Every structure is written in structure tokens, then in C-alpha cells.
file protein.cif (mmCIF, C-alpha atoms)
data_final
#
loop_
_atom_site.label_atom_id
_atom_site.label_comp_id
_atom_site.auth_asym_id
_atom_site.auth_seq_id
_atom_site.Cartn_x
_atom_site.Cartn_y
_atom_site.Cartn_z
CA MET A 1 -7.76 -18.40 1.97
CA ALA A 2 -4.80 -17.46 -0.24
CA LEU A 3 -4.15 -13.97 -1.54
CA ARG A 4 -5.38 -13.41 -5.07
CA VAL A 5 -3.93 -9.90 -5.25
CA VAL A 6 -0.58 -8.66 -3.96
CA GLY A 7 -0.51 -4.86 -4.01
CA ALA A 8 2.89 -3.42 -4.90
CA GLY A 9 1.76 0.19 -5.26
CA LEU A 10 2.97 2.67 -2.67
CA GLY A 11 0.56 4.62 -0.50
CA ARG A 12 -1.19 7.62 -2.09
CA THR A 13 -1.71 5.82 -5.41
CA GLY A 14 -5.38 5.03 -4.88
CA THR A 15 -4.81 2.10 -2.54
CA HIS A 16 -7.71 2.82 -0.18
CA SER A 17 -10.10 2.86 -3.13
CA GLN A 18 -8.46 -0.37 -4.31
CA LYS A 19 -9.18 -1.96 -0.94
CA LEU A 20 -12.89 -1.24 -1.30
CA ALA A 21 -12.93 -2.31 -4.95
CA LEU A 22 -11.17 -5.60 -4.26
CA GLU A 23 -13.44 -6.40 -1.34
CA ARG A 24 -16.41 -5.81 -3.64
CA LEU A 25 -14.93 -8.04 -6.34
CA LEU A 26 -13.62 -10.87 -4.17
CA GLY A 27 -16.21 -10.89 -1.41
CA ALA A 28 -13.49 -11.04 1.25
CA PRO A 29 -11.34 -8.59 3.21
CA CYS A 30 -8.36 -6.75 1.73
CA TYR A 31 -5.43 -5.90 3.99
CA HIS A 32 -4.44 -2.21 4.11
CA MET A 33 -2.66 0.00 6.64
CA ILE A 34 -6.01 0.89 8.20
CA GLU A 35 -6.33 -2.75 9.29
CA THR A 36 -3.69 -2.09 11.96
CA PHE A 37 -6.09 0.26 13.75
CA GLY A 38 -8.27 -2.73 14.59
CA ARG A 39 -5.43 -5.26 14.76
CA PRO A 40 -2.76 -3.67 16.98
CA ASP A 41 -1.07 -7.04 17.47
CA ASP A 42 -0.08 -6.86 13.80
CA ILE A 43 2.20 -3.88 14.41
CA PRO A 44 5.06 -5.77 16.10
CA VAL A 45 4.80 -8.43 13.39
CA TRP A 46 5.50 -5.78 10.76
CA HIS A 47 8.26 -4.32 12.93
CA ARG A 48 10.01 -7.69 13.04
CA ALA A 49 9.45 -8.25 9.34
CA VAL A 50 11.30 -5.03 8.53
CA ASP A 51 14.35 -6.51 10.25
CA GLY A 52 14.08 -9.80 8.36
CA ASP A 53 12.07 -11.86 10.85
CA LEU A 54 9.25 -12.66 8.46
CA PRO A 55 5.96 -14.16 9.60
CA ASP A 56 4.33 -17.21 8.09
CA TRP A 57 2.56 -15.07 5.51
CA ARG A 58 -0.14 -17.62 4.73
CA THR A 59 -1.12 -17.78 8.40
CA PHE A 60 -0.73 -14.07 9.06
CA LEU A 61 -2.90 -13.08 6.08
CA ALA A 62 -5.21 -16.09 6.20
CA ASP A 63 -8.35 -13.95 6.54
CA TYR A 64 -7.61 -11.86 3.44
CA ALA A 65 -8.09 -12.36 -0.30
CA ALA A 66 -6.01 -9.31 -1.24
CA ALA A 67 -3.49 -6.93 0.30
CA VAL A 68 -2.52 -3.40 -0.78
CA ASP A 69 -0.87 -0.22 0.55
CA TRP A 70 1.75 0.05 3.27
CA PRO A 71 3.01 -2.05 4.96
CA VAL A 72 2.22 -4.77 2.42
CA CYS A 73 3.79 -2.94 -0.52
CA ALA A 74 7.14 -3.01 1.28
CA PHE A 75 7.04 -6.81 1.02
CA TRP A 76 5.69 -7.23 -2.51
CA ARG A 77 8.61 -9.41 -3.51
CA GLU A 78 8.27 -11.84 -0.62
CA LEU A 79 4.48 -12.00 -0.91
CA SER A 80 4.56 -12.54 -4.66
CA GLU A 81 6.77 -15.58 -4.06
CA VAL A 82 4.62 -17.01 -1.27
CA PHE A 83 1.44 -16.52 -3.33
CA PRO A 84 2.57 -17.44 -6.86
CA ASP A 85 -0.97 -17.53 -8.23
CA ALA A 86 -1.77 -13.98 -7.15
CA ILE A 87 -1.64 -11.09 -9.57
CA VAL A 88 0.70 -8.26 -8.61
CA LEU A 89 -1.13 -4.95 -8.72
CA LEU A 90 1.17 -1.97 -9.23
CA SER A 91 -0.75 1.25 -8.74
CA THR A 92 1.08 4.40 -9.77
CA ARG A 93 0.58 8.07 -10.54
CA ASP A 94 2.95 10.67 -11.92
CA VAL A 95 5.80 11.28 -9.51
CA ASP A 96 5.05 14.96 -8.89
CA SER A 97 1.44 14.43 -7.90
CA TRP A 98 2.43 11.41 -5.80
CA TRP A 99 4.97 13.50 -3.87
CA THR A 100 2.50 16.33 -3.36
CA SER A 101 -0.08 13.92 -1.98
CA ALA A 102 2.31 11.85 0.15
CA SER A 103 4.11 14.85 1.63
CA ASN A 104 0.80 16.50 2.57
CA THR A 105 -0.61 13.37 4.21
CA ILE A 106 1.24 10.26 5.36
CA PHE A 107 4.70 11.82 5.56
CA GLN A 108 3.42 14.68 7.70
CA VAL A 109 1.66 12.31 10.08
CA VAL A 110 4.53 9.85 10.28
CA GLY A 111 7.05 12.66 10.64
CA ASN A 112 5.04 14.02 13.58
CA GLU A 113 4.81 17.48 12.05
CA VAL A 114 1.17 17.63 13.10
CA ALA A 115 -0.74 15.98 15.91
CA ALA A 116 -3.00 13.10 14.92
CA GLU A 117 -4.76 11.30 17.73
CA GLU A 118 -5.65 8.34 15.53
CA ILE A 119 -2.00 7.51 14.82
CA THR A 120 -0.60 5.63 17.79
CA GLY A 121 3.01 5.72 18.84
CA ALA A 122 3.46 2.06 17.88
CA GLN A 123 2.05 2.59 14.40
CA GLN A 124 4.16 5.67 13.87
CA SER A 125 7.31 3.90 14.99
CA MET A 126 6.59 0.98 12.68
CA ALA A 127 5.93 3.30 9.75
CA ILE A 128 9.14 5.26 10.29
CA ASP A 129 11.16 2.05 10.54
CA MET A 130 9.57 0.68 7.40
CA LEU A 131 10.05 3.83 5.36
CA ALA A 132 13.69 4.13 6.40
CA LYS A 133 14.60 0.50 5.79
CA ARG A 134 12.31 -0.43 2.90
CA PHE A 135 11.93 2.85 1.01
CA THR A 136 14.57 5.50 1.75
CA THR A 137 16.10 7.01 4.85
CA HIS A 138 15.45 10.44 3.32
CA TRP A 139 11.74 10.01 2.74
CA MET A 140 10.99 13.58 3.83
CA GLU A 141 13.29 15.02 1.15
CA GLU A 142 11.50 15.60 -2.15
CA ASP A 143 14.24 14.62 -4.59
CA GLU A 144 15.22 11.49 -2.69
CA ALA A 145 11.63 10.40 -2.09
CA LYS A 146 10.83 10.80 -5.78
CA ARG A 147 13.91 8.82 -6.72
CA ALA A 148 12.92 6.02 -4.32
CA TYR A 149 9.36 6.04 -5.65
CA GLU A 150 10.49 5.63 -9.24
CA GLN A 151 13.05 2.98 -8.27
CA HIS A 152 10.40 1.01 -6.39
CA ASN A 153 8.11 0.97 -9.41
CA ALA A 154 10.99 0.06 -11.72
CA ASP A 155 11.98 -2.85 -9.48
CA VAL A 156 8.44 -4.25 -9.57
CA ARG A 157 8.26 -3.96 -13.35
CA ALA A 158 11.64 -5.64 -13.76
CA SER A 159 10.82 -8.50 -11.41
CA ILE A 160 7.23 -9.51 -12.16
CA PRO A 161 6.38 -11.17 -15.50
CA ASP A 162 4.10 -9.21 -17.80
CA ASP A 163 1.39 -11.87 -17.64
CA ARG A 164 1.19 -11.46 -13.89
CA LEU A 165 1.73 -7.73 -13.48
CA VAL A 166 -1.24 -5.38 -13.57
CA GLU A 167 -0.36 -1.71 -13.83
CA TRP A 168 -3.13 0.59 -12.70
CA GLN A 169 -3.54 4.31 -12.23
CA PRO A 170 -6.32 6.25 -10.52
CA GLY A 171 -8.93 6.74 -13.21
CA ASP A 172 -8.46 3.28 -14.76
CA GLY A 173 -11.39 1.97 -12.76
CA TRP A 174 -12.58 -1.61 -12.69
CA ASP A 175 -11.51 -2.89 -16.10
CA PRO A 176 -7.79 -3.77 -15.69
CA ILE A 177 -8.37 -5.43 -12.32
CA CYS A 178 -11.44 -7.36 -13.42
CA GLU A 179 -9.74 -8.55 -16.59
CA ALA A 180 -6.73 -9.82 -14.65
CA LEU A 181 -8.93 -11.64 -12.14
CA GLY A 182 -11.32 -12.99 -14.75
CA LEU A 183 -14.28 -11.32 -13.09
CA PRO A 184 -17.17 -9.30 -14.54
CA VAL A 185 -17.11 -5.54 -14.20
CA PRO A 186 -19.61 -4.42 -11.53
CA ASP A 187 -22.49 -2.26 -12.65
CA GLU A 188 -21.58 0.52 -10.25
CA PRO A 189 -19.00 3.31 -10.08
CA TYR A 190 -15.49 2.45 -9.03
CA PRO A 191 -14.88 3.62 -5.42
CA HIS A 192 -13.13 6.95 -4.92
CA VAL A 193 -12.13 7.62 -1.32
CA ASN A 194 -9.33 9.04 0.81
CA THR A 195 -8.42 12.13 -1.15
CA THR A 196 -5.84 14.42 0.41
CA ALA A 197 -8.67 16.45 1.93
CA ASP A 198 -10.31 13.27 3.27
CA PHE A 199 -7.03 12.09 4.81
CA ARG A 200 -6.29 15.41 6.47
CA ALA A 201 -9.80 15.62 7.88
CA MET A 202 -9.69 12.01 9.13
CA THR A 203 -6.39 12.54 10.96
CA GLY A 204 -7.29 15.96 12.34
CA MET A 205 -4.51 17.65 10.39
CA ASP A 206 -6.65 20.65 9.50
CA GLY A 207 -8.48 20.80 12.78
#

call {"tool": "encode", "arguments": {"input": "protein.cif", "output": "C-alpha cells"}}
result
Amino acid sequence: MALRVVGAGLGRTGTHSQKLALERLLGAPCYHMIETFGRPDDIPVWHRAVDGDLPDWRTFLADYAAAVDWPVCAFWRELSEVFPDAIVLLSTRDVDSWWTSASNTIFQVVGNEVAAEEITGAQQSMAIDMLAKRFTTHWMEEDEAKRAYEQHNADVRASIPDDRLVEWQPGDGWDPICEALGLPVPDEPYPHVNTTADFRAMTGMDG
């Protein structure tokens, strides 16, 4: 199948909830960083992609109808070109709350400030490489990370036509996504998972 949704939003902007919502809407899997836990062979593919050795995206993501979160969001430009009929979903939140969430979760785990048995060495290495080369080398520094976050979002907005770009923030729920996909709004609450507390509990950060 071909991707119908290319997620350009960075991690900690509601992307795990998006994964569940898109799977509900499209009836097919949505790629997300958590996929690499069950697909370890994907990790070297992403490693090579960071250095410009891109996979055949249609083959690599053939089992998915949507893709969000890291590492996909680092390749939003390439994926939006390979899948020209897909909407580009840019999830955002205000920069201060994004930094607070990211620095208390993914950046701590990736930076190895706390032990997390679920994060393998290969995944951590891939994530560090991707952040440094596709986000900012100073991703642990608040001012620089915030600048990179805002630049990332600005680049997406400047590059994707308005009729293809869907901007979404946590709290927007089903409506913007369903409207863009031409699908009815489900008669059920929009998923809400992977809060900061959830993430820290899942990775053993507060254990």
C-alpha cells in the first residue's frame, strides 16, 4: 500500500496518539519509532538514510498506510515527494511545553542520563545520529533545541502547499485529520496516550 499520511511533526507533539488514531481511521498500521522495537532490522536502514543512503521508501514502508514521529519526521521532505498523494500532517505544540516534554523524556533517554532497558544500544545510536544530523547537534541545549524545533516547523510550512498540509495540535482531535482524508469522524474519543508520566514509567525512568 502507499502512505496516505506523512507525519512531519516532531516527537512529543502527540504522535503516539496520532498513530493509534490513524490506524483506527485507515484500518492499517502506522509507522512510529516504537515499530523499531519489533523491527530491529529497520534500525540500520535509518542509520544509512541519515547519511544519504535512502531506502526504496515504497518497499520499506509497504506495510503501512501512515507514518509519524521520529525517525519518519526527519525525512518528511523525501517522503512527501515519494508519496505525492499523501497529506502531510504537521503536529505542533507551543515551543516551551514541547521542550519541557522532550527534555524530560526522549532527550533524557537518548542522552543516556538515565538507564532504560527497553532502549537498545542500536536504537540509541541511531537516534543520536539522527538528532545531530537532521535536527541540531545541540539538541540537549534548550535555546538551540527550541530554535531547531521552530525552524523545522517553518520549513514544513514553507515547503508543503496549503491544500496538502494539515496542521494539528493536541486537543484538535479527529476533525482536521478526518476532513483532510475525507473520512467520517469516529463516534469515540480521540486517543490520548504517552504522556510524560506514561513515557517515564514505560522506560523505567522513575523506577

call {"tool": "atom_distance", "arguments": {"input": "protein.cif", "atom1": "CA of Ile160 (chain A)", "atom2": "CA of Asp53 (chain A)"}}
result
23.6 Å

call {"tool": "axis_aligned_box", "arguments": {"input": "protein.cif", "around": "region 6-16 of chain A", "padding_each_side": "5 Å", "output": "JSON"}}
result
{"center_x": -2.4, "center_y": -0.5, "center_z": -2.8, "size_x": 20.7, "size_y": 26.3, "size_z": 15.2}

call {"tool": "closest_residue", "arguments": {"input": "protein.cif", "among": "A:Ala2, A:Val185, A:Val110, A:Val156", "to": "Trp139 (chain A)", "atoms": "only C-alpha atoms"}}
result
A:Val110

call {"tool": "atom_distance", "arguments": {"input": "protein.cif", "atom1": "CA of Trp76 (chain A)", "atom2": "CA of Trp168 (chain A)"}}
result
15.6 Å

call {"tool": "resolve_selection", "arguments": {"input": "protein.cif", "expression": "the PyMOL selection byres ((chain A and resi 173) around 10)", "output": "list in words"}}
result
Ser17, Gln18, Ala21, Trp168, Gln169, Pro170, Gly171, Asp172, Trp174, Asp175, Pro176, Ile177, Cys178, Val185, Pro189, Tyr190, Pro191 and His192 of chain A

call {"tool": "resolve_selection", "arguments": {"input": "protein.cif", "expression": "the PyMOL selection byres ((chain A and resi 91) around 6)", "output": "PyMOL selection string"}}
result
chain A and resi 9+13+90+92+167-169

call {"tool": "closest_residue", "arguments": {"input": "protein.cif", "among": "A:Cys30, A:Leu181, A:Ala148, A:Ala65", "to": "Ala132 (chain A)", "atoms": "only C-alpha atoms"}}
result
A:Ala148

call {"tool": "resolve_selection", "arguments": {"input": "protein.cif", "expression": "the PyMOL selection byres ((chain A and resi 34-48) around 8)", "output": "list in words"}}
result
Tyr31, His32, Met33, Ala49, Val50, Asp51, Gly52, Asp53, Leu54, Pro55, Pro71, Ala122, Gln123, Met126, Asp129 and Met130 of chain A

call {"tool": "write_last_selection", "arguments": {"input": "protein.cif", "atoms": "C-alpha atoms", "output": "tab-separated table (two decimals), in the frame of the given file"}}
result
chain	number	residue	atom	x	y	z
A	31	TYR	CA	-5.43	-5.90	3.99
A	32	HIS	CA	-4.44	-2.21	4.11
A	33	MET	CA	-2.66	0.00	6.64
A	49	ALA	CA	9.45	-8.25	9.34
A	50	VAL	CA	11.30	-5.03	8.53
A	51	ASP	CA	14.35	-6.51	10.25
A	52	GLY	CA	14.08	-9.80	8.36
A	53	ASP	CA	12.07	-11.86	10.85
A	54	LEU	CA	9.25	-12.66	8.46
A	55	PRO	CA	5.96	-14.16	9.60
A	71	PRO	CA	3.01	-2.05	4.96
A	122	ALA	CA	3.46	2.06	17.88
A	123	GLN	CA	2.05	2.59	14.40
A	126	MET	CA	6.59	0.98	12.68
A	129	ASP	CA	11.16	2.05	10.54
A	130	MET	CA	9.57	0.68	7.40

call {"tool": "residues_near_point", "arguments": {"input": "protein.cif", "point": "(-12.7, -11.8, -4.6)", "cutoff": "12 Å", "atoms": "only C-alpha atoms", "output": "list in words"}}
result
Met1, Ala2, Leu3, Arg4, Val5, Lys19, Leu20, Ala21, Leu22, Glu23, Arg24, Leu25, Leu26, Gly27, Ala28, Pro29, Cys30, Tyr64, Ala65, Ala66, Ala67, Ala86, Ile177, Cys178, Ala180, Leu181, Gly182, Leu183 and Pro184 of chain A

call {"tool": "atom_distance", "arguments": {"input": "protein.cif", "atom1": "CA of Pro161 (chain A)", "atom2": "CA of Leu10 (chain A)"}}
result
19.2 Å

call {"tool": "closest_residue", "arguments": {"input": "protein.cif", "among": "A:Val109, A:Val193, A:Ala145, A:Ala8", "to": "Ser80 (chain A)", "atoms": "all atoms listed in the file"}}
result
A:Ala8

call {"tool": "closest_residue", "arguments": {"input": "protein.cif", "among": "A:Tyr149, A:Arg157, A:Gly11, A:Arg164", "to": "Cys73 (chain A)", "atoms": "all atoms listed in the file"}}
result
A:Gly11

call {"tool": "closest_residue", "arguments": {"input": "protein.cif", "among": "A:Val95, A:Val166, A:Ile128, A:Val6", "to": "Leu79 (chain A)", "atoms": "all atoms listed in the file"}}
result
A:Val6

call {"tool": "closest_residue", "arguments": {"input": "protein.cif", "among": "A:Arg77, A:Ser103, A:Val82, A:Ala127", "to": "Arg58 (chain A)", "atoms": "only C-alpha atoms"}}
result
A:Val82
